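Peer 1: Quick one: structure below, then a few questions.
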Amino acid sequence: MAKKNDMTVTTLDMYNILKSKIGDGEARVLVEFVENKVAESFESKKDELATKNDIYKLDVKIERTKAEIIKWMFIFWAGQTGIMVGILALFRQ
């Protein structure tokens, strides 16, 4: 059970609004229910969140992949040029 001192500013605002409408006990129970639902939602999704380190690793992997693609594109381009020169040399004879 959360204590009034443990509440954040937003939670305190919600508590004060509800307290004037539905009473102290009910407001406290409702605020604690909302806090628990938010905590449960976060816990269920925290494994899906990416950290800064995860994003950095992904950026490094993307850069390496881009460099690898550029390398293979150059090799393919050089090979195609060589083949074209060879074909043209055959036609000149």
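By order of appearance in the structure tokens: chains A, B, ..., then residues from 1 within every chain, and ligands from 1 in the order shown.
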Can you list, as a list in words, every protein, DNA or RNA residue that comes within 8 Å of stretch 25-30 of chain A when you count only C-alpha atoms, leaving out same-chain residues fewer than 5 positions away?
Peer 2: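 Close residues of stretch 25-30 of chain A: Tyr15, Asn16, Leu18 and Lys19 of chain A.
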Peer 1: List every residue of stretch 42-67 of chain A that has an atom at most 12 Å from any atom of stretch 72-75 of chain A, and for each one report the closest atom pair and its distance in Å to one decimal, counting only C-alpha atoms, with rows sorted by chain and then by increasing residue number, as a Markdown table.
Peer 2:
```
| residue | atom | partner | partner_atom | distance |
| --- | --- | --- | --- | --- |
| A:Thr65 | CA | A:Trp72 | CA | 10.6 |
| A:Lys66 | CA | A:Trp72 | CA | 10.0 |
| A:Ala67 | CA | A:Trp72 | CA | 8.7 |
```
Peer 1: Atom CA of A:Gly86 to atom CA of A:Ile70: how many Å, to one decimal?
Peer 2: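 Computed distance, atom CA of A:Gly86 to atom CA of A:Ile70, equals 24.2 Å.
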Peer 1: Select from chain A everything DSSP, run on the backbone, classes as alpha helix (DSSP H), then give the selection as an MDAnalysis selection string.
Peer 2: chainID A and resid 9:22 24:45 52:92
Peer 1: Could those residues be written to a file, using C-alpha atoms, as a PDB file, in the first residue's frame?
Peer 2:
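Ended up saving to result33.pdb:
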```
ATOM      1  CA  VAL A   9       3.297  15.338  -7.929  1.00  0.00           C
ATOM      2  CA  THR A  10       0.921  14.065 -10.599  1.00  0.00           C
ATOM      3  CA  THR A  11      -0.347  11.362  -8.275  1.00  0.00           C
ATOM      4  CA  LEU A  12      -0.822  13.905  -5.501  1.00  0.00           C
ATOM      5  CA  ASP A  13      -2.794  16.138  -7.838  1.00  0.00           C
ATOM      6  CA  MET A  14      -4.997  13.220  -8.833  1.00  0.00           C
ATOM      7  CA  TYR A  15      -5.375  12.221  -5.174  1.00  0.00           C
ATOM      8  CA  ASN A  16      -6.398  15.743  -4.113  1.00  0.00           C
ATOM      9  CA  ILE A  17      -8.950  16.038  -6.915  1.00  0.00           C
ATOM     10  CA  LEU A  18     -10.441  12.630  -6.154  1.00  0.00           C
ATOM     11  CA  LYS A  19     -10.382  13.221  -2.383  1.00  0.00           C
ATOM     12  CA  SER A  20     -12.658  16.221  -2.734  1.00  0.00           C
ATOM     13  CA  LYS A  21     -15.044  14.238  -4.966  1.00  0.00           C
ATOM     14  CA  ILE A  22     -15.162  10.724  -3.472  1.00  0.00           C
ATOM     15  CA  ASP A  24     -10.038  10.187   1.372  1.00  0.00           C
ATOM     16  CA  GLY A  25     -10.123   6.378   1.542  1.00  0.00           C
ATOM     17  CA  GLU A  26     -11.652   5.832  -1.867  1.00  0.00           C
ATOM     18  CA  ALA A  27      -9.290   8.356  -3.473  1.00  0.00           C
ATOM     19  CA  ARG A  28      -6.280   6.615  -1.943  1.00  0.00           C
ATOM     20  CA  VAL A  29      -7.475   3.199  -3.165  1.00  0.00           C
ATOM     21  CA  LEU A  30      -8.158   4.504  -6.672  1.00  0.00           C
ATOM     22  CA  VAL A  31      -4.777   6.254  -6.902  1.00  0.00           C
ATOM     23  CA  GLU A  32      -2.988   3.113  -5.704  1.00  0.00           C
ATOM     24  CA  PHE A  33      -4.928   1.052  -8.259  1.00  0.00           C
ATOM     25  CA  VAL A  34      -3.826   3.375 -11.071  1.00  0.00           C
ATOM     26  CA  GLU A  35      -0.207   3.323  -9.835  1.00  0.00           C
ATOM     27  CA  ASN A  36      -0.249  -0.484  -9.753  1.00  0.00           C
ATOM     28  CA  LYS A  37      -1.710  -0.699 -13.270  1.00  0.00           C
ATOM     29  CA  VAL A  38       0.965   1.660 -14.596  1.00  0.00           C
ATOM     30  CA  ALA A  39       3.691  -0.358 -12.838  1.00  0.00           C
ATOM     31  CA  GLU A  40       2.302  -3.636 -14.231  1.00  0.00           C
ATOM     32  CA  SER A  41       2.146  -2.172 -17.714  1.00  0.00           C
ATOM     33  CA  PHE A  42       5.744  -0.991 -17.479  1.00  0.00           C
ATOM     34  CA  GLU A  43       6.950  -4.342 -16.135  1.00  0.00           C
ATOM     35  CA  SER A  44       5.249  -6.223 -18.961  1.00  0.00           C
ATOM     36  CA  LYS A  45       6.833  -3.972 -21.609  1.00  0.00           C
ATOM     37  CA  LYS A  52      20.998   3.699 -25.508  1.00  0.00           C
ATOM     38  CA  ASN A  53      23.556   0.897 -25.673  1.00  0.00           C
ATOM     39  CA  ASP A  54      21.172  -1.260 -27.740  1.00  0.00           C
ATOM     40  CA  ILE A  55      20.630   1.604 -30.171  1.00  0.00           C
ATOM     41  CA  TYR A  56      24.389   2.249 -30.401  1.00  0.00           C
ATOM     42  CA  LYS A  57      25.060  -1.422 -31.177  1.00  0.00           C
ATOM     43  CA  LEU A  58      22.379  -1.326 -33.856  1.00  0.00           C
ATOM     44  CA  ASP A  59      23.881   1.830 -35.381  1.00  0.00           C
ATOM     45  CA  VAL A  60      27.325   0.190 -35.497  1.00  0.00           C
ATOM     46  CA  LYS A  61      25.859  -2.913 -37.135  1.00  0.00           C
ATOM     47  CA  ILE A  62      24.033  -0.786 -39.726  1.00  0.00           C
ATOM     48  CA  GLU A  63      27.249   1.121 -40.550  1.00  0.00           C
ATOM     49  CA  ARG A  64      29.182  -2.137 -40.988  1.00  0.00           C
ATOM     50  CA  THR A  65      26.436  -3.517 -43.204  1.00  0.00           C
ATOM     51  CA  LYS A  66      26.435  -0.355 -45.325  1.00  0.00           C
ATOM     52  CA  ALA A  67      30.219  -0.579 -45.731  1.00  0.00           C
ATOM     53  CA  GLU A  68      29.924  -4.242 -46.712  1.00  0.00           C
ATOM     54  CA  ILE A  69      27.232  -3.449 -49.303  1.00  0.00           C
ATOM     55  CA  ILE A  70      29.322  -0.635 -50.792  1.00  0.00           C
ATOM     56  CA  LYS A  71      32.332  -2.964 -51.020  1.00  0.00           C
ATOM     57  CA  TRP A  72      30.343  -5.633 -52.842  1.00  0.00           C
ATOM     58  CA  MET A  73      28.753  -3.042 -55.145  1.00  0.00           C
ATOM     59  CA  PHE A  74      32.226  -1.859 -56.154  1.00  0.00           C
ATOM     60  CA  ILE A  75      33.397  -5.434 -56.763  1.00  0.00           C
ATOM     61  CA  PHE A  76      30.296  -6.092 -58.876  1.00  0.00           C
ATOM     62  CA  TRP A  77      30.786  -2.832 -60.799  1.00  0.00           C
ATOM     63  CA  ALA A  78      34.471  -3.597 -61.455  1.00  0.00           C
ATOM     64  CA  GLY A  79      33.554  -7.123 -62.587  1.00  0.00           C
ATOM     65  CA  GLN A  80      30.860  -5.847 -64.934  1.00  0.00           C
ATOM     66  CA  THR A  81      33.273  -3.309 -66.403  1.00  0.00           C
ATOM     67  CA  GLY A  82      35.848  -6.047 -66.961  1.00  0.00           C
ATOM     68  CA  ILE A  83      33.300  -8.259 -68.675  1.00  0.00           C
ATOM     69  CA  MET A  84      32.129  -5.397 -70.909  1.00  0.00           C
ATOM     70  CA  VAL A  85      35.726  -4.588 -71.907  1.00  0.00           C
ATOM     71  CA  GLY A  86      36.265  -8.277 -72.715  1.00  0.00           C
ATOM     72  CA  ILE A  87      33.090  -8.476 -74.818  1.00  0.00           C
ATOM     73  CA  LEU A  88      33.997  -5.279 -76.686  1.00  0.00           C
ATOM     74  CA  ALA A  89      37.509  -6.628 -77.322  1.00  0.00           C
ATOM     75  CA  LEU A  90      35.979  -9.792 -78.836  1.00  0.00           C
ATOM     76  CA  PHE A  91      33.790  -7.725 -81.195  1.00  0.00           C
ATOM     77  CA  ARG A  92      36.765  -5.634 -82.392  1.00  0.00           C
TER      78      ARG A  92
END
```
